[in-house]
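Have a look at start.cif; it's mmCIF, C-alpha atoms and all ligand atoms:
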data_protein
loop_
_atom_site.label_atom_id
_atom_site.label_comp_id
_atom_site.auth_asym_id
_atom_site.auth_seq_id
_atom_site.Cartn_x
_atom_site.Cartn_y
_atom_site.Cartn_z
CA MET A 1 52.69 21.20 -175.18
CA LYS A 2 50.18 18.37 -175.13
CA MET A 3 48.02 17.42 -178.12
CA ILE A 4 45.43 14.68 -178.48
CA HIS A 5 44.67 13.27 -181.92
CA LEU A 6 41.29 11.63 -182.65
CA SER A 7 39.94 10.38 -185.95
CA ASP A 8 37.00 8.77 -187.71
CA LEU A 9 34.49 9.16 -184.92
CA HIS A 10 31.53 8.66 -187.31
CA VAL A 11 29.12 9.73 -184.56
CA THR A 12 26.05 9.20 -186.78
CA SER A 13 27.00 5.76 -188.07
CA PRO A 14 25.24 2.53 -186.95
CA ASN A 15 28.80 1.38 -186.14
CA TYR A 16 29.39 4.25 -183.69
CA CYS A 17 29.92 2.90 -180.17
CA PRO A 18 28.42 5.35 -177.61
CA GLU A 19 30.41 3.74 -174.79
CA TRP A 20 33.70 4.46 -176.58
CA GLY A 21 32.42 7.96 -177.42
CA GLU A 22 31.90 8.62 -173.69
CA ARG A 23 35.35 7.28 -172.80
CA VAL A 24 36.97 9.55 -175.37
CA VAL A 25 35.25 12.63 -173.91
CA GLU A 26 36.25 11.62 -170.38
CA PHE A 27 39.84 10.91 -171.42
CA VAL A 28 40.30 14.18 -173.30
CA ASN A 29 38.74 16.27 -170.53
CA CYS A 30 40.86 14.51 -167.92
CA GLN A 31 44.08 14.99 -169.92
CA SER A 32 43.25 18.64 -170.60
CA PRO A 33 45.42 18.99 -173.74
CA ASP A 34 46.53 22.31 -175.16
CA LEU A 35 45.14 21.24 -178.49
CA LEU A 36 42.72 18.65 -179.85
CA LEU A 37 43.40 17.47 -183.40
CA ILE A 38 40.70 15.60 -185.35
CA THR A 39 41.48 14.10 -188.76
CA GLY A 40 38.01 13.83 -190.25
CA ASP A 41 35.05 11.50 -190.66
CA LEU A 42 33.14 13.21 -187.88
CA THR A 43 29.86 12.16 -189.53
CA ASN A 44 28.81 9.30 -191.76
CA GLU A 45 27.15 10.90 -194.79
CA GLY A 46 27.75 14.62 -194.32
CA HIS A 47 24.04 15.46 -193.87
CA LEU A 48 22.94 18.55 -191.95
CA HIS A 49 21.32 16.59 -189.10
CA GLU A 50 24.59 14.64 -188.72
CA TYR A 51 26.63 17.83 -188.35
CA VAL A 52 24.13 19.00 -185.73
CA GLN A 53 24.61 15.71 -183.87
CA TRP A 54 28.38 16.00 -184.18
CA LEU A 55 28.31 19.49 -182.66
CA GLU A 56 26.21 18.24 -179.73
CA TYR A 57 28.89 15.62 -179.07
CA PHE A 58 31.83 17.92 -179.76
CA ARG A 59 30.64 20.64 -177.34
CA ARG A 60 31.30 18.25 -174.47
CA PHE A 61 35.07 18.42 -175.02
CA LYS A 62 36.58 20.93 -172.60
CA VAL A 63 39.65 21.90 -174.60
CA LYS A 64 41.51 25.15 -175.07
CA ASP A 65 41.77 24.84 -178.81
CA CYS A 66 41.00 22.43 -181.65
CA VAL A 67 41.99 21.85 -185.28
CA ILE A 68 39.72 19.74 -187.48
CA VAL A 69 39.93 18.68 -191.14
CA PRO A 70 37.10 17.01 -193.10
CA GLY A 71 37.05 13.33 -194.08
CA ASN A 72 35.56 11.75 -197.17
CA HIS A 73 32.37 10.93 -195.25
CA ASP A 74 31.95 14.54 -194.11
CA ALA A 75 32.34 15.84 -197.67
CA ARG A 76 29.53 13.66 -199.05
CA ASN A 77 26.20 15.20 -200.08
CA ASP A 78 27.63 18.73 -200.18
CA GLY A 79 28.71 18.22 -196.60
CA TRP A 80 31.97 20.01 -197.38
CA GLU A 81 29.96 23.26 -197.48
CA LEU A 82 28.31 22.42 -194.15
CA PHE A 83 31.78 21.70 -192.75
CA GLU A 84 32.88 25.24 -193.65
CA GLU A 85 29.73 26.74 -192.14
CA MET A 86 29.54 24.69 -188.97
CA ILE A 87 33.10 23.48 -188.19
CA GLY A 88 35.59 25.88 -189.76
CA PRO A 89 37.98 26.31 -192.69
CA ARG A 90 38.79 23.15 -194.66
CA HIS A 91 42.48 24.09 -194.71
CA PRO A 92 43.00 25.39 -191.17
CA LEU A 93 46.31 26.88 -190.08
CA TRP A 94 47.18 26.87 -186.37
CA GLU A 95 50.38 28.15 -184.82
CA ASN A 96 52.07 29.26 -181.62
CA GLY A 97 55.70 29.67 -180.57
CA ALA A 98 56.29 25.90 -180.38
CA ALA A 99 54.38 24.47 -183.34
CA VAL A 100 52.76 25.19 -186.67
CA ILE A 101 49.98 22.95 -187.97
CA GLN A 102 48.72 22.98 -191.53
CA GLY A 103 45.38 21.24 -192.03
CA ILE A 104 44.50 20.05 -195.53
CA ASP A 105 41.16 19.02 -197.00
CA SER A 106 42.15 15.90 -198.94
CA THR A 107 38.61 14.92 -199.96
CA GLU A 108 37.17 14.70 -203.46
CA PRO A 109 33.48 15.05 -204.43
CA ASP A 110 31.58 11.90 -203.44
CA ILE A 111 34.47 9.47 -203.81
CA ASP A 112 36.43 7.80 -201.04
CA SER A 113 39.91 8.41 -202.42
CA GLY A 114 41.80 11.62 -201.82
CA ASN A 115 43.69 14.40 -203.54
CA ILE A 116 45.66 17.32 -202.13
CA GLY A 117 45.80 19.35 -205.34
CA ARG A 118 48.66 21.31 -206.90
CA HIS A 119 46.91 24.61 -206.14
CA ASN A 120 47.56 23.91 -202.43
CA TYR A 121 51.30 23.25 -202.72
CA ALA A 122 52.32 26.94 -202.44
CA MET A 123 50.30 27.28 -199.20
CA ILE A 124 51.92 24.14 -197.76
CA ARG A 125 55.40 25.30 -198.78
CA LYS A 126 54.87 28.75 -197.28
CA ASN A 127 53.54 27.50 -193.94
CA MET A 128 55.77 24.43 -193.53
CA SER A 129 59.17 25.82 -194.55
CA GLY A 130 60.26 27.68 -191.40
CA LYS A 131 62.68 26.45 -188.72
CA GLY A 132 62.59 26.32 -184.92
CA ARG A 133 59.07 24.93 -184.42
CA LEU A 134 57.39 21.55 -184.68
CA LYS A 135 55.78 21.31 -188.12
CA ILE A 136 52.69 19.14 -188.44
CA MET A 137 50.62 18.52 -191.53
CA MET A 138 47.19 17.01 -190.91
CA LEU A 139 44.83 15.49 -193.45
CA HIS A 140 42.24 12.72 -193.52
CA HIS A 141 43.87 10.42 -196.06
CA HIS A 142 47.06 8.41 -195.53
CA LEU A 143 49.92 9.25 -197.90
CA ILE A 144 51.63 5.86 -197.51
CA PRO A 145 49.69 2.55 -197.68
CA ILE A 146 48.72 1.05 -194.32
CA PRO A 147 49.18 -2.71 -193.72
CA SER A 148 46.15 -4.97 -193.21
CA THR A 149 43.76 -2.60 -194.96
CA GLY A 150 43.28 -4.54 -198.18
CA ARG A 151 43.85 -3.43 -201.73
CA GLU A 152 45.07 0.16 -201.87
CA ARG A 153 42.63 2.29 -203.87
CA GLN A 154 42.20 5.40 -201.76
CA ILE A 155 45.60 6.99 -201.42
CA PRO A 156 45.60 10.64 -202.60
CA ALA A 157 46.11 10.83 -206.35
CA ASP A 158 49.09 13.16 -205.92
CA ALA A 159 50.63 11.40 -202.88
CA GLY A 160 54.05 11.11 -204.59
CA ASP A 161 54.29 14.86 -205.26
CA VAL A 162 53.09 15.67 -201.73
CA LEU A 163 55.64 13.29 -200.15
CA LYS A 164 58.37 15.09 -202.08
CA LEU A 165 57.03 18.45 -200.87
CA ILE A 166 56.96 17.18 -197.28
CA ARG A 167 60.60 16.10 -197.53
CA GLU A 168 61.65 19.43 -199.06
CA CYS A 169 59.89 21.38 -196.28
CA GLY A 170 61.23 19.13 -193.49
CA VAL A 171 57.75 18.46 -192.04
CA HIS A 172 58.18 16.55 -188.74
CA MET A 173 54.80 14.84 -188.47
CA VAL A 174 52.02 14.05 -190.93
CA ILE A 175 48.92 12.93 -189.08
CA SER A 176 45.92 11.29 -190.70
CA GLY A 177 43.07 8.81 -190.26
CA HIS A 178 40.69 7.16 -192.76
CA ARG A 179 41.93 3.59 -192.54
CA HIS A 180 40.48 2.88 -189.06
CA LYS A 181 43.80 1.32 -188.19
CA ASN A 182 46.65 2.87 -186.23
CA TRP A 183 50.08 2.83 -187.83
CA ILE A 184 53.32 4.83 -187.93
CA TRP A 185 55.81 5.07 -190.77
CA ASN A 186 59.09 6.94 -190.55
CA LEU A 187 60.15 8.09 -194.00
CA GLU A 188 63.38 10.09 -194.20
CA GLY A 189 62.83 11.62 -190.76
CA THR A 190 59.13 12.45 -191.11
CA TYR A 191 56.71 10.49 -188.92
CA PHE A 192 53.51 9.55 -190.74
CA ILE A 193 51.04 8.79 -187.97
CA THR A 194 47.68 7.28 -188.84
CA CYS A 195 45.25 7.25 -185.93
CA GLY A 196 42.72 4.43 -185.86
CA THR A 197 39.04 5.16 -185.52
CA SER A 198 38.44 6.48 -182.02
CA THR A 199 34.81 5.39 -181.65
CA SER A 200 33.65 3.22 -184.58
CA LYS A 201 33.24 -0.56 -184.57
CA ARG A 202 34.39 -0.66 -188.21
CA LEU A 203 37.76 -2.14 -187.25
CA LYS A 204 40.24 -4.44 -189.00
CA GLY A 205 40.65 -7.96 -187.61
CA HIS A 206 41.63 -7.73 -183.92
CA GLY A 207 41.98 -3.97 -184.20
CA TYR A 208 40.84 -1.62 -181.45
CA PRO A 209 39.60 1.98 -181.28
CA SER A 210 42.39 4.41 -180.55
CA ALA A 211 43.55 7.94 -179.88
CA MET A 212 47.05 9.42 -180.00
CA ILE A 213 48.62 11.67 -177.38
CA TYR A 214 51.58 13.85 -178.36
CA ASN A 215 53.75 15.55 -175.74
CA LEU A 216 56.28 18.05 -177.04
CA ASP A 217 58.92 19.40 -174.66
CA ASN A 218 61.31 21.65 -176.60
CA ASN A 219 62.45 19.24 -179.36
CA HIS A 220 61.55 16.06 -177.44
CA LEU A 221 58.43 14.33 -178.74
CA VAL A 222 56.69 11.44 -177.03
CA ALA A 223 53.70 9.82 -178.75
CA ASP A 224 51.46 7.45 -176.81
CA GLU A 225 48.51 5.48 -178.08
CA LEU A 226 45.35 4.95 -176.07
CA ASN A 227 43.34 1.80 -176.64
CA VAL A 228 39.88 3.32 -176.14
CA ARG A 229 38.27 -0.07 -175.56
CA ASP A 230 40.39 -1.26 -172.63
CA GLY A 231 42.06 1.99 -171.51
CA GLU A 232 45.63 0.73 -172.01
CA MET A 233 48.34 3.17 -173.05
CA GLN A 234 51.32 2.21 -175.21
CA LYS A 235 54.36 4.33 -175.99
CA LYS A 236 54.82 4.61 -179.76
CA LEU A 237 57.52 7.25 -180.19
CA ASP A 238 60.15 8.84 -177.96
CA VAL A 239 62.38 10.93 -180.18
CA ASN A 240 64.37 14.13 -180.37
CA LEU A 241 63.41 16.16 -183.43
CA GLU A 242 65.55 18.56 -185.40
CA LEU A 243 63.44 21.70 -185.23
FE FE B 301 36.32 6.67 -191.49
FE FE B 302 37.50 8.15 -194.36
#

Here is a file; write its structure as structure tokens.
Amino acid sequence: MKMIHLSDLHVTSPNYCPEWGERVVEFVNCQSPDLLLITGDLTNEGHLHEYVQWLEYFRRFKVKDCVIVPGNHDARNDGWELFEEMIGPRHPLWENGAAVIQGIDSTEPDIDSGNIGRHNYAMIRKNMSGKGRLKIMMLHHHLIPIPSTGRERQIPADAGDVLKLIRECGVHMVISGHRHKNWIWNLEGTYFITCGTSTSKRLKGHGYPSAMIYNLDNNHLVADELNVRDGEMQKKLDVNLEL
């Protein structure tokens, strides 16, 4: 099973790079993944015309299936309602025989920091507790601080409780975006994978736009990172998971 993870495309931002946007479409269509995962910040301010522009871009991906969660930028200006109308549920659940993916809307009204919310814990526990399949949680915000991103102010308010829940459920991967910088933490067997921005020039230092590619073969997971700017691929994980 092949999955491609994109994040923070910000297609309506002045910092959006059309050239990188084209490369991402070409790459995804060429790789032909089973699933495309997008961890939010599709737009810049969540306005209706931005969602329309996003959909024009998004329709060019030739993928079998896709799971998308909103980012803080998408939720702005009542954009969270437009997300539900035009993209899909804010807490999407996707599953097949090999994997189960729980999407979470971690945004808060018109602020950049996140929150998962206690009312969502039962849903997470129910969908992430089984055995025998890869369990992925996806949300926009990072649950563990990311290096080189300055003073930490935007981590979800209840990150500690959610980390405990993730450990109790034995979630294998938590994928996110928001920081526009790629990073992986391994905490007690769970891989916390933050994808950089795939198409925005709002980068950190010598950072580069990126996408993640996950290949799952039974319990063997390989994660590669694509540098969207120069086309280089780098292996980031090659592990056997306890499913
Ligand atoms: Fe972003
Ligand atoms: Fe964000």

Test item: residues lying within 6 Å of ligand FE 301 (chain B) with only C-alpha atoms and all ligand atoms, as a PyMOL selection string: chain A and resi 8+41+178

Any chance you could export the current selection's C-alpha atoms as a CSV table (one decimal), in the coordinates of the input?
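To be explicit, this is the file written out as again.csv:
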chain,number,residue,atom,x,y,z
A,8,ASP,CA,37.0,8.8,-187.7
A,41,ASP,CA,35.0,11.5,-190.7
A,178,HIS,CA,40.7,7.2,-192.8

Residue with smallest distance to Asn215 in chain A - pool A:Asp158, A:Asp34, A:Asp112, A:Glu168, counting all atoms listed in the file: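 Residue with the minimum atom-to-atom distance to Asn215 in chain A: A:Asp34.
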
Interatomic distance (Å, one decimal) between CA of Val171 in chain A and CA of Lys135 in chain A: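 Interatomic distance here is 5.2 Å.
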
Distance in Å - CA of Pro33 in chain A versus CA of Leu163 in chain A: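 So the answer is 28.9 Å.
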
Spatial sel., origin (20.5, 18.5, -195.3), limit 8 Å, only C-alpha atoms, listed as a ChimeraX atom specification: /A:47-49

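When only C-alpha atoms and all ligand atoms are used to measure the gap to ligand FE 302 (chain B), the shortest distance among A:Leu143, A:Val174, A:Leu82, A:Leu9 belongs to A:Leu9.
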
Residue among A:Arg76, A:Lys164, A:Lys201, A:His172 lying closest to ligand FE 302 (chain B), counting all atoms listed in the file: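 Nearest candidate to ligand FE 302 (chain B) out of A:Arg76, A:Lys164, A:Lys201, A:His172: A:Arg76.
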
Expected selection as a PyMOL selection string for ligand FE 302 (chain B) within 9 Å, only C-alpha atoms and all ligand atoms: chain A and resi 8+40-41+70-74+107+112-113+140-141+177-180

Near-range 115-132 of chain A list (10 Å; only C-alpha atoms; drop same-chain fewer than 6 positions) as a ChimeraX atom specification: /A:91,93-95,97-108,139,141,143,154-159,161-162,165-166,168-172,218-219,242-243

Gap from CA of Val24 in chain A to CA of Asn96 in chain A - Å, one decimal: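 For CA of Val24 in chain A relative to CA of Asn96 in chain A, the distance reads 25.6 Å.
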
Selected residue, from A:Gly196, A:Gly231, A:Gly160, A:Gly205, that lies nearest to His5 in chain A when counting all atoms listed in the file: A:Gly196

The residues within 10 Å of (45.9, 15.3, -174.7), using all atoms listed in the file and the coordinates of the file, should be reported as a PDB file with C-alpha atoms, in the coordinates of the input; which are they?
ATOM      1  CA  MET A   1      52.690  21.200-175.180  1.00  0.00           C
ATOM      2  CA  LYS A   2      50.180  18.370-175.130  1.00  0.00           C
ATOM      3  CA  MET A   3      48.020  17.420-178.120  1.00  0.00           C
ATOM      4  CA  ILE A   4      45.430  14.680-178.480  1.00  0.00           C
ATOM      5  CA  HIS A   5      44.670  13.270-181.920  1.00  0.00           C
ATOM      6  CA  LEU A   6      41.290  11.630-182.650  1.00  0.00           C
ATOM      7  CA  PHE A  27      39.840  10.910-171.420  1.00  0.00           C
ATOM      8  CA  VAL A  28      40.300  14.180-173.300  1.00  0.00           C
ATOM      9  CA  ASN A  29      38.740  16.270-170.530  1.00  0.00           C
ATOM     10  CA  CYS A  30      40.860  14.510-167.920  1.00  0.00           C
ATOM     11  CA  GLN A  31      44.080  14.990-169.920  1.00  0.00           C
ATOM     12  CA  SER A  32      43.250  18.640-170.600  1.00  0.00           C
ATOM     13  CA  PRO A  33      45.420  18.990-173.740  1.00  0.00           C
ATOM     14  CA  ASP A  34      46.530  22.310-175.160  1.00  0.00           C
ATOM     15  CA  LEU A  35      45.140  21.240-178.490  1.00  0.00           C
ATOM     16  CA  LEU A  36      42.720  18.650-179.850  1.00  0.00           C
ATOM     17  CA  LEU A  37      43.400  17.470-183.400  1.00  0.00           C
ATOM     18  CA  VAL A  63      39.650  21.900-174.600  1.00  0.00           C
ATOM     19  CA  ALA A 211      43.550   7.940-179.880  1.00  0.00           C
ATOM     20  CA  MET A 212      47.050   9.420-180.000  1.00  0.00           C
ATOM     21  CA  ILE A 213      48.620  11.670-177.380  1.00  0.00           C
ATOM     22  CA  TYR A 214      51.580  13.850-178.360  1.00  0.00           C
ATOM     23  CA  ASN A 215      53.750  15.550-175.740  1.00  0.00           C
ATOM     24  CA  ASP A 224      51.460   7.450-176.810  1.00  0.00           C
TER      25      ASP A 224
END

For range 148-150 of chain A: contacts at 10 Å, only C-alpha atoms, fewer than 2 positions along chain excluded, given as a list in words: Pro145, Ile146, Glu152, Arg153, Arg179, His180, Lys181, Leu203, Lys204, Gly205 and Gly207 of chain A

Residue among A:Glu85, A:Asn77, A:Thr194, A:Val52 lying closest to Asp110 in chain A, counting all atoms listed in the file: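 So, comparing all the options, the nearest one is A:Asn77.
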
Best match for closeness to Val25 in chain A among A:Ser200, A:Pro109, A:Phe61, A:Val239, counting only C-alpha atoms: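 Comparing A:Ser200, A:Pro109, A:Phe61, A:Val239 against Val25 in chain A, the winner is A:Phe61.
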
Need the axis-aligned box for range 196-203 of chain A with 3 Å each side, so what are the centre and edges in Å to one decimal, as lines of an AutoDock Vina configuration file?
center_x = 38.0
center_y = 2.2
center_z = -184.9
size_x = 15.5
size_y = 14.6
size_z = 12.6
